[in-house]
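Text of the file run.pdb, holding PDB, N, CA and C atoms, pLDDT in the B column:
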ATOM      1  N   MET N   1       5.508   1.335 -21.242  1.00 72.00           N
ATOM      2  CA  MET N   1       6.696   1.795 -20.554  1.00 72.00           C
ATOM      3  C   MET N   1       7.138   3.149 -21.100  1.00 72.00           C
ATOM      4  N   GLN N   2       7.038   3.333 -22.409  1.00 81.00           N
ATOM      5  CA  GLN N   2       7.486   4.589 -23.007  1.00 81.00           C
ATOM      6  C   GLN N   2       6.686   5.773 -22.491  1.00 81.00           C
ATOM      7  N   GLU N   3       5.385   5.604 -22.300  1.00 89.00           N
ATOM      8  CA  GLU N   3       4.557   6.691 -21.774  1.00 89.00           C
ATOM      9  C   GLU N   3       4.992   7.066 -20.359  1.00 89.00           C
ATOM     10  N   ARG N   4       5.307   6.061 -19.556  1.00 86.00           N
ATOM     11  CA  ARG N   4       5.753   6.306 -18.183  1.00 86.00           C
ATOM     12  C   ARG N   4       7.076   7.058 -18.180  1.00 86.00           C
ATOM     13  N   LEU N   5       8.023   6.662 -19.015  1.00 85.00           N
ATOM     14  CA  LEU N   5       9.324   7.333 -19.084  1.00 85.00           C
ATOM     15  C   LEU N   5       9.183   8.771 -19.560  1.00 85.00           C
ATOM     16  N   THR N   6       8.318   8.992 -20.535  1.00 87.00           N
ATOM     17  CA  THR N   6       8.094  10.345 -21.029  1.00 87.00           C
ATOM     18  C   THR N   6       7.476  11.219 -19.946  1.00 87.00           C
ATOM     19  N   ALA N   7       6.539  10.680 -19.184  1.00 89.00           N
ATOM     20  CA  ALA N   7       5.935  11.431 -18.076  1.00 89.00           C
ATOM     21  C   ALA N   7       6.982  11.769 -17.019  1.00 89.00           C
ATOM     22  N   MET N   8       7.839  10.800 -16.697  1.00 86.00           N
ATOM     23  CA  MET N   8       8.904  11.059 -15.719  1.00 86.00           C
ATOM     24  C   MET N   8       9.827  12.157 -16.218  1.00 86.00           C
ATOM     25  N   LEU N   9      10.138  12.144 -17.476  1.00 86.00           N
ATOM     26  CA  LEU N   9      11.028  13.140 -18.053  1.00 86.00           C
ATOM     27  C   LEU N   9      10.451  14.550 -17.915  1.00 86.00           C
ATOM     28  N   HIS N  10       9.156  14.690 -18.154  1.00 91.00           N
ATOM     29  CA  HIS N  10       8.536  16.009 -18.150  1.00 91.00           C
ATOM     30  C   HIS N  10       8.168  16.516 -16.756  1.00 91.00           C
ATOM     31  N   HIS N  11       8.064  15.636 -15.770  1.00 92.00           N
ATOM     32  CA  HIS N  11       7.584  16.045 -14.448  1.00 92.00           C
ATOM     33  C   HIS N  11       8.638  15.957 -13.345  1.00 92.00           C
ATOM     34  N   THR N  12       9.887  15.748 -13.703  1.00 89.00           N
ATOM     35  CA  THR N  12      10.924  15.633 -12.670  1.00 89.00           C
ATOM     36  C   THR N  12      12.093  16.564 -12.969  1.00 89.00           C
ATOM     37  N   ASN N  13      12.878  16.823 -11.925  1.00 92.00           N
ATOM     38  CA  ASN N  13      14.100  17.611 -12.075  1.00 92.00           C
ATOM     39  C   ASN N  13      15.343  16.747 -11.912  1.00 92.00           C
ATOM     40  N   VAL N  14      15.173  15.566 -11.324  1.00 90.00           N
ATOM     41  CA  VAL N  14      16.275  14.637 -11.090  1.00 90.00           C
ATOM     42  C   VAL N  14      15.690  13.228 -11.046  1.00 90.00           C
ATOM     43  N   PHE N  15      16.488  12.240 -11.423  1.00 88.00           N
ATOM     44  CA  PHE N  15      16.063  10.838 -11.371  1.00 88.00           C
ATOM     45  C   PHE N  15      16.842  10.148 -10.262  1.00 88.00           C
ATOM     46  N   ILE N  16      16.123   9.635  -9.269  1.00 85.00           N
ATOM     47  CA  ILE N  16      16.730   8.892  -8.167  1.00 85.00           C
ATOM     48  C   ILE N  16      16.342   7.427  -8.346  1.00 85.00           C
ATOM     49  N   VAL N  17      17.321   6.564  -8.397  1.00 83.00           N
ATOM     50  CA  VAL N  17      17.094   5.142  -8.637  1.00 83.00           C
ATOM     51  C   VAL N  17      17.140   4.398  -7.319  1.00 83.00           C
ATOM     52  N   LEU N  18      16.093   3.632  -7.048  1.00 81.00           N
ATOM     53  CA  LEU N  18      16.021   2.786  -5.866  1.00 81.00           C
ATOM     54  C   LEU N  18      16.085   1.330  -6.318  1.00 81.00           C
ATOM     55  N   PRO N  19      16.482   0.432  -5.433  1.00 76.00           N
ATOM     56  CA  PRO N  19      16.581  -0.975  -5.833  1.00 76.00           C
ATOM     57  C   PRO N  19      15.259  -1.489  -6.403  1.00 76.00           C
ATOM     58  N   GLY N  20      15.380  -2.232  -7.474  1.00 75.00           N
ATOM     59  CA  GLY N  20      14.205  -2.782  -8.141  1.00 75.00           C
ATOM     60  C   GLY N  20      14.591  -3.962  -8.994  1.00 75.00           C
ATOM     61  N   GLY N  21      13.850  -4.169 -10.035  1.00 76.00           N
ATOM     62  CA  GLY N  21      14.095  -5.311 -10.916  1.00 76.00           C
ATOM     63  C   GLY N  21      14.577  -4.883 -12.284  1.00 76.00           C
ATOM     64  N   PHE N  22      14.276  -5.715 -13.260  1.00 80.00           N
ATOM     65  CA  PHE N  22      14.740  -5.450 -14.624  1.00 80.00           C
ATOM     66  C   PHE N  22      14.071  -4.223 -15.233  1.00 80.00           C
ATOM     67  N   GLY N  23      12.843  -3.927 -14.843  1.00 84.00           N
ATOM     68  CA  GLY N  23      12.182  -2.722 -15.333  1.00 84.00           C
ATOM     69  C   GLY N  23      12.909  -1.469 -14.878  1.00 84.00           C
ATOM     70  N   THR N  24      13.406  -1.499 -13.649  1.00 82.00           N
ATOM     71  CA  THR N  24      14.188  -0.378 -13.132  1.00 82.00           C
ATOM     72  C   THR N  24      15.481  -0.230 -13.915  1.00 82.00           C
ATOM     73  N   LEU N  25      16.125  -1.336 -14.222  1.00 81.00           N
ATOM     74  CA  LEU N  25      17.344  -1.280 -15.040  1.00 81.00           C
ATOM     75  C   LEU N  25      17.059  -0.680 -16.408  1.00 81.00           C
ATOM     76  N   GLU N  26      15.932  -1.070 -16.994  1.00 87.00           N
ATOM     77  CA  GLU N  26      15.561  -0.511 -18.296  1.00 87.00           C
ATOM     78  C   GLU N  26      15.413   1.005 -18.194  1.00 87.00           C
ATOM     79  N   GLU N  27      14.768   1.467 -17.124  1.00 87.00           N
ATOM     80  CA  GLU N  27      14.579   2.906 -16.946  1.00 87.00           C
ATOM     81  C   GLU N  27      15.914   3.625 -16.764  1.00 87.00           C
ATOM     82  N   ILE N  28      16.839   3.025 -16.003  1.00 85.00           N
ATOM     83  CA  ILE N  28      18.158   3.637 -15.811  1.00 85.00           C
ATOM     84  C   ILE N  28      18.865   3.790 -17.150  1.00 85.00           C
ATOM     85  N   PHE N  29      18.913   2.715 -17.915  1.00 89.00           N
ATOM     86  CA  PHE N  29      19.630   2.750 -19.182  1.00 89.00           C
ATOM     87  C   PHE N  29      18.953   3.678 -20.191  1.00 89.00           C
ATOM     88  N   THR N  30      17.630   3.742 -20.162  1.00 91.00           N
ATOM     89  CA  THR N  30      16.930   4.666 -21.058  1.00 91.00           C
ATOM     90  C   THR N  30      17.264   6.103 -20.711  1.00 91.00           C
ATOM     91  N   MET N  31      17.191   6.448 -19.428  1.00 90.00           N
ATOM     92  CA  MET N  31      17.508   7.819 -19.017  1.00 90.00           C
ATOM     93  C   MET N  31      18.965   8.167 -19.321  1.00 90.00           C
ATOM     94  N   ALA N  32      19.865   7.220 -19.107  1.00 90.00           N
ATOM     95  CA  ALA N  32      21.278   7.465 -19.413  1.00 90.00           C
ATOM     96  C   ALA N  32      21.493   7.654 -20.914  1.00 90.00           C
ATOM     97  N   SER N  33      20.802   6.854 -21.722  1.00 93.00           N
ATOM     98  CA  SER N  33      20.960   7.011 -23.172  1.00 93.00           C
ATOM     99  C   SER N  33      20.359   8.328 -23.644  1.00 93.00           C
ATOM    100  N   TRP N  34      19.289   8.800 -22.995  1.00 92.00           N
ATOM    101  CA  TRP N  34      18.704  10.087 -23.359  1.00 92.00           C
ATOM    102  C   TRP N  34      19.660  11.229 -23.049  1.00 92.00           C
ATOM    103  N   VAL N  35      20.491  11.062 -22.008  1.00 92.00           N
ATOM    104  CA  VAL N  35      21.520  12.073 -21.734  1.00 92.00           C
ATOM    105  C   VAL N  35      22.515  12.109 -22.896  1.00 92.00           C
ATOM    106  N   GLN N  36      22.944  10.945 -23.353  1.00 94.00           N
ATOM    107  CA  GLN N  36      23.896  10.880 -24.464  1.00 94.00           C
ATOM    108  C   GLN N  36      23.309  11.448 -25.754  1.00 94.00           C
ATOM    109  N   LEU N  37      22.008  11.287 -25.933  1.00 95.00           N
ATOM    110  CA  LEU N  37      21.337  11.786 -27.137  1.00 95.00           C
ATOM    111  C   LEU N  37      20.904  13.246 -26.987  1.00 95.00           C
ATOM    112  N   HIS N  38      21.223  13.855 -25.852  1.00 94.00           N
ATOM    113  CA  HIS N  38      20.901  15.253 -25.556  1.00 94.00           C
ATOM    114  C   HIS N  38      19.393  15.503 -25.511  1.00 94.00           C
ATOM    115  N   ILE N  39      18.638  14.499 -25.082  1.00 92.00           N
ATOM    116  CA  ILE N  39      17.202  14.663 -24.896  1.00 92.00           C
ATOM    117  C   ILE N  39      16.939  15.367 -23.569  1.00 92.00           C
ATOM    118  N   HIS N  40      17.782  15.097 -22.578  1.00 91.00           N
ATOM    119  CA  HIS N  40      17.706  15.801 -21.290  1.00 91.00           C
ATOM    120  C   HIS N  40      19.093  15.870 -20.688  1.00 91.00           C
ATOM    121  N   GLU N  41      19.232  16.735 -19.687  1.00 92.00           N
ATOM    122  CA  GLU N  41      20.502  16.871 -18.961  1.00 92.00           C
ATOM    123  C   GLU N  41      20.264  16.796 -17.459  1.00 92.00           C
ATOM    124  N   LYS N  42      19.237  16.098 -17.065  1.00 92.00           N
ATOM    125  CA  LYS N  42      18.888  15.984 -15.648  1.00 92.00           C
ATOM    126  C   LYS N  42      19.804  14.965 -14.973  1.00 92.00           C
ATOM    127  N   PRO N  43      20.162  15.210 -13.719  1.00 91.00           N
ATOM    128  CA  PRO N  43      21.034  14.257 -13.014  1.00 91.00           C
ATOM    129  C   PRO N  43      20.315  12.944 -12.719  1.00 91.00           C
ATOM    130  N   ILE N  44      21.105  11.882 -12.705  1.00 87.00           N
ATOM    131  CA  ILE N  44      20.614  10.550 -12.371  1.00 87.00           C
ATOM    132  C   ILE N  44      21.443  10.060 -11.191  1.00 87.00           C
ATOM    133  N   GLY N  45      20.777   9.665 -10.113  1.00 84.00           N
ATOM    134  CA  GLY N  45      21.513   9.238  -8.928  1.00 84.00           C
ATOM    135  C   GLY N  45      20.998   7.930  -8.376  1.00 84.00           C
ATOM    136  N   SER N  46      21.887   7.209  -7.718  1.00 78.00           N
ATOM    137  CA  SER N  46      21.525   5.963  -7.052  1.00 78.00           C
ATOM    138  C   SER N  46      22.409   5.794  -5.834  1.00 78.00           C
ATOM    139  N   ASN N  47      21.822   5.353  -4.756  1.00 73.00           N
ATOM    140  CA  ASN N  47      22.634   5.086  -3.572  1.00 73.00           C
ATOM    141  C   ASN N  47      22.998   3.617  -3.442  1.00 73.00           C
ATOM    142  N   GLN N  48      22.469   2.779  -4.325  1.00 71.00           N
ATOM    143  CA  GLN N  48      22.762   1.347  -4.227  1.00 71.00           C
ATOM    144  C   GLN N  48      22.989   0.738  -5.601  1.00 71.00           C
ATOM    145  N   ILE N  49      23.851   1.328  -6.385  1.00 66.00           N
ATOM    146  CA  ILE N  49      24.106   0.799  -7.729  1.00 66.00           C
ATOM    147  C   ILE N  49      24.729  -0.591  -7.669  1.00 66.00           C
ATOM    148  N   THR N  50      25.438  -0.901  -6.584  1.00 70.00           N
ATOM    149  CA  THR N  50      26.031  -2.235  -6.461  1.00 70.00           C
ATOM    150  C   THR N  50      24.954  -3.316  -6.398  1.00 70.00           C
ATOM    151  N   TYR N  51      23.759  -2.966  -5.925  1.00 67.00           N
ATOM    152  CA  TYR N  51      22.649  -3.931  -5.903  1.00 67.00           C
ATOM    153  C   TYR N  51      22.377  -4.449  -7.309  1.00 67.00           C
ATOM    154  N   PHE N  52      22.311  -3.530  -8.274  1.00 63.00           N
ATOM    155  CA  PHE N  52      22.029  -3.922  -9.650  1.00 63.00           C
ATOM    156  C   PHE N  52      23.187  -4.707 -10.250  1.00 63.00           C
ATOM    157  N   ILE N  53      24.396  -4.302  -9.968  1.00 65.00           N
ATOM    158  CA  ILE N  53      25.568  -4.994 -10.495  1.00 65.00           C
ATOM    159  C   ILE N  53      25.620  -6.419  -9.968  1.00 65.00           C
ATOM    160  N   GLN N  54      25.320  -6.590  -8.676  1.00 69.00           N
ATOM    161  CA  GLN N  54      25.319  -7.931  -8.098  1.00 69.00           C
ATOM    162  C   GLN N  54      24.236  -8.797  -8.728  1.00 69.00           C
ATOM    163  N   LYS N  55      23.061  -8.236  -8.959  1.00 65.00           N
ATOM    164  CA  LYS N  55      21.963  -8.999  -9.560  1.00 65.00           C
ATOM    165  C   LYS N  55      22.276  -9.374 -11.005  1.00 65.00           C
ATOM    166  N   MET N  56      22.886  -8.465 -11.741  1.00 63.00           N
ATOM    167  CA  MET N  56      23.216  -8.750 -13.135  1.00 63.00           C
ATOM    168  C   MET N  56      24.340  -9.783 -13.226  1.00 63.00           C
ATOM    169  N   GLY N  57      25.157  -9.865 -12.208  1.00 62.00           N
ATOM    170  CA  GLY N  57      26.300 -10.758 -12.240  1.00 62.00           C
ATOM    171  C   GLY N  57      25.992 -12.184 -11.849  1.00 62.00           C
ATOM    172  N   ARG N  58      24.729 -12.481 -11.502  1.00 58.00           N
ATOM    173  CA  ARG N  58      24.371 -13.828 -11.072  1.00 58.00           C
ATOM    174  C   ARG N  58      23.270 -14.410 -11.953  1.00 58.00           C
ATOM    175  N   PRO N  59      23.642 -15.000 -13.085  1.00 56.00           N
ATOM    176  CA  PRO N  59      22.621 -15.567 -13.973  1.00 56.00           C
ATOM    177  C   PRO N  59      21.842 -16.702 -13.329  1.00 56.00           C
ATOM    178  N   SER N  60      22.372 -17.315 -12.274  1.00 58.00           N
ATOM    179  CA  SER N  60      21.642 -18.400 -11.614  1.00 58.00           C
ATOM    180  C   SER N  60      20.337 -17.891 -11.015  1.00 58.00           C
ATOM    181  N   ASP N  61      20.290 -16.595 -10.634  1.00 54.00           N
ATOM    182  CA  ASP N  61      19.051 -16.028 -10.105  1.00 54.00           C
ATOM    183  C   ASP N  61      17.950 -16.046 -11.170  1.00 54.00           C
ATOM    184  N   LEU N  62      18.322 -15.838 -12.416  1.00 51.00           N
ATOM    185  CA  LEU N  62      17.337 -15.849 -13.495  1.00 51.00           C
ATOM    186  C   LEU N  62      16.756 -17.243 -13.687  1.00 51.00           C
ATOM    187  N   GLU N  63      17.609 -18.244 -13.546  1.00 53.00           N
ATOM    188  CA  GLU N  63      17.134 -19.623 -13.706  1.00 53.00           C
ATOM    189  C   GLU N  63      16.140 -19.973 -12.621  1.00 53.00           C
ATOM    190  N   GLU N  64      16.386 -19.513 -11.390  1.00 50.00           N
ATOM    191  CA  GLU N  64      15.472 -19.812 -10.284  1.00 50.00           C
ATOM    192  C   GLU N  64      14.123 -19.159 -10.497  1.00 50.00           C
ATOM    193  N   VAL N  65      14.091 -17.959 -11.029  1.00 46.00           N
ATOM    194  CA  VAL N  65      12.841 -17.259 -11.259  1.00 46.00           C
ATOM    195  C   VAL N  65      12.023 -17.922 -12.352  1.00 46.00           C
ATOM    196  N   SER N  66      12.695 -18.413 -13.400  1.00 45.00           N
ATOM    197  CA  SER N  66      11.975 -18.987 -14.540  1.00 45.00           C
ATOM    198  C   SER N  66      11.428 -20.374 -14.245  1.00 45.00           C
ATOM    199  N   ASN N  67      11.891 -21.038 -13.214  1.00 44.00           N
ATOM    200  CA  ASN N  67      11.404 -22.388 -12.900  1.00 44.00           C
ATOM    201  C   ASN N  67      10.140 -22.378 -12.117  1.00 44.00           C
TER     202      ASN N  67
END

Would you mind writing the file out in structure tokens?
Amino acid sequence: MQERLTAMLHHTNVFIVLPGGFGTLEEIFTMASWVQLHIHEKPIGSNQITYFIQKMGRPSDLEEVSN
């Protein structure tokens, strides 16, 4: 995953987030933390951030996947 994130960092001018799973959430939080650490200053955008919030807010979905 780290190699993929590093490649994205070096080959993009902006990060656009599309609905996905937990890997996508990891990438969002990594890119956001890199902004705080001054590793990059590239914009991060999403048109459906509520999708992730809704998914994170329903732990019952995790139970269904693990069964």

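Counting only N, CA and C atoms, region 13-18 of chain N has the following residues at most 7 Å away, ignoring those fewer than 5 positions along the same chain: Lys42, Pro43, Ile44, Gly45, Ser46, Asn47 and Gln48 of chain N.
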
I want to know what sits within 12 Å of Trp34 (chain N), based on only C-alpha atoms, with residues of the same chain fewer than 5 positions away left out; could you give that as a short mmCIF file (atom, residue, chain, number, x, y, z; two decimals) with N, CA and C atoms, keeping the file's coordinate frame?
data_model
loop_
_atom_site.label_atom_id
_atom_site.label_comp_id
_atom_site.auth_asym_id
_atom_site.auth_seq_id
_atom_site.Cartn_x
_atom_site.Cartn_y
_atom_site.Cartn_z
N LEU N 5 8.02 6.66 -19.02
CA LEU N 5 9.32 7.33 -19.08
C LEU N 5 9.18 8.77 -19.56
N THR N 6 8.32 8.99 -20.54
CA THR N 6 8.09 10.34 -21.03
C THR N 6 7.48 11.22 -19.95
N LEU N 9 10.14 12.14 -17.48
CA LEU N 9 11.03 13.14 -18.05
C LEU N 9 10.45 14.55 -17.92
N GLU N 27 14.77 1.47 -17.12
CA GLU N 27 14.58 2.91 -16.95
C GLU N 27 15.91 3.62 -16.76
N ILE N 28 16.84 3.02 -16.00
CA ILE N 28 18.16 3.64 -15.81
C ILE N 28 18.86 3.79 -17.15
N PHE N 29 18.91 2.72 -17.92
CA PHE N 29 19.63 2.75 -19.18
C PHE N 29 18.95 3.68 -20.19
N ILE N 39 18.64 14.50 -25.08
CA ILE N 39 17.20 14.66 -24.90
C ILE N 39 16.94 15.37 -23.57
N HIS N 40 17.78 15.10 -22.58
CA HIS N 40 17.71 15.80 -21.29
C HIS N 40 19.09 15.87 -20.69
N GLU N 41 19.23 16.74 -19.69
CA GLU N 41 20.50 16.87 -18.96
C GLU N 41 20.26 16.80 -17.46
N LYS N 42 19.24 16.10 -17.07
CA LYS N 42 18.89 15.98 -15.65
C LYS N 42 19.80 14.96 -14.97
N PRO N 43 20.16 15.21 -13.72
CA PRO N 43 21.03 14.26 -13.01
C PRO N 43 20.32 12.94 -12.72
N ILE N 44 21.10 11.88 -12.70
CA ILE N 44 20.61 10.55 -12.37
C ILE N 44 21.44 10.06 -11.19
#

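Here CA of Gln2 (chain N) stands at a distance of 11.3 Å from CA of Met31 (chain N).
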
Centre and edges of the region 34-47 of chain N box, axis-aligned, 4 Å extra per side, as lines of an AutoDock Vina configuration file:
center_x = 20.4
center_y = 10.2
center_z = -15.3
size_x = 15.0
size_y = 21.3
size_z = 31.7

Original post:
Which distance in Å separates CA of Met1 (chain N) and atom C of Gly21 (chain N), to one decimal?
Top reply: 13.2 Å

**OP:** Give me, please, the distance in Å between CA of Ser33 (chain N) and CA of His11 (chain N), quoted to one decimal.
**Re:**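 So the two atoms, CA of Ser33 (chain N) and CA of His11 (chain N), lie 18.3 Å apart.
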
Output region 7-19 of chain N with N, CA, C and O atoms present, as an mmCIF file, in the frame of the given file.
data_model
loop_
_atom_site.group_PDB
_atom_site.id
_atom_site.type_symbol
_atom_site.label_atom_id
_atom_site.label_comp_id
_atom_site.auth_asym_id
_atom_site.auth_seq_id
_atom_site.Cartn_x
_atom_site.Cartn_y
_atom_site.Cartn_z
ATOM 1 N N ALA N 7 6.539 10.680 -19.184
ATOM 2 C CA ALA N 7 5.935 11.431 -18.076
ATOM 3 C C ALA N 7 6.982 11.769 -17.019
ATOM 4 O O ALA N 7 7.024 12.891 -16.514
ATOM 5 N N MET N 8 7.839 10.800 -16.697
ATOM 6 C CA MET N 8 8.904 11.059 -15.719
ATOM 7 C C MET N 8 9.827 12.157 -16.218
ATOM 8 O O MET N 8 10.242 13.025 -15.449
ATOM 9 N N LEU N 9 10.138 12.144 -17.476
ATOM 10 C CA LEU N 9 11.028 13.140 -18.053
ATOM 11 C C LEU N 9 10.451 14.550 -17.915
ATOM 12 O O LEU N 9 11.159 15.482 -17.561
ATOM 13 N N HIS N 10 9.156 14.690 -18.154
ATOM 14 C CA HIS N 10 8.536 16.009 -18.150
ATOM 15 C C HIS N 10 8.168 16.516 -16.756
ATOM 16 O O HIS N 10 7.971 17.721 -16.588
ATOM 17 N N HIS N 11 8.064 15.636 -15.770
ATOM 18 C CA HIS N 11 7.584 16.045 -14.448
ATOM 19 C C HIS N 11 8.638 15.957 -13.345
ATOM 20 O O HIS N 11 8.281 16.064 -12.175
ATOM 21 N N THR N 12 9.887 15.748 -13.703
ATOM 22 C CA THR N 12 10.924 15.633 -12.670
ATOM 23 C C THR N 12 12.093 16.564 -12.969
ATOM 24 O O THR N 12 12.277 17.015 -14.091
ATOM 25 N N ASN N 13 12.878 16.823 -11.925
ATOM 26 C CA ASN N 13 14.100 17.611 -12.075
ATOM 27 C C ASN N 13 15.343 16.747 -11.912
ATOM 28 O O ASN N 13 16.436 17.148 -12.277
ATOM 29 N N VAL N 14 15.173 15.566 -11.324
ATOM 30 C CA VAL N 14 16.275 14.637 -11.090
ATOM 31 C C VAL N 14 15.690 13.228 -11.046
ATOM 32 O O VAL N 14 14.533 13.039 -10.688
ATOM 33 N N PHE N 15 16.488 12.240 -11.423
ATOM 34 C CA PHE N 15 16.063 10.838 -11.371
ATOM 35 C C PHE N 15 16.842 10.148 -10.262
ATOM 36 O O PHE N 15 18.068 10.093 -10.297
ATOM 37 N N ILE N 16 16.123 9.635 -9.269
ATOM 38 C CA ILE N 16 16.730 8.892 -8.167
ATOM 39 C C ILE N 16 16.342 7.427 -8.346
ATOM 40 O O ILE N 16 15.158 7.095 -8.436
ATOM 41 N N VAL N 17 17.321 6.564 -8.397
ATOM 42 C CA VAL N 17 17.094 5.142 -8.637
ATOM 43 C C VAL N 17 17.140 4.398 -7.319
ATOM 44 O O VAL N 17 18.107 4.498 -6.565
ATOM 45 N N LEU N 18 16.093 3.632 -7.048
ATOM 46 C CA LEU N 18 16.021 2.786 -5.866
ATOM 47 C C LEU N 18 16.085 1.330 -6.318
ATOM 48 O O LEU N 18 15.781 1.020 -7.470
ATOM 49 N N PRO N 19 16.482 0.432 -5.433
ATOM 50 C CA PRO N 19 16.581 -0.975 -5.833
ATOM 51 C C PRO N 19 15.259 -1.489 -6.403
ATOM 52 O O PRO N 19 14.184 -1.181 -5.889
#
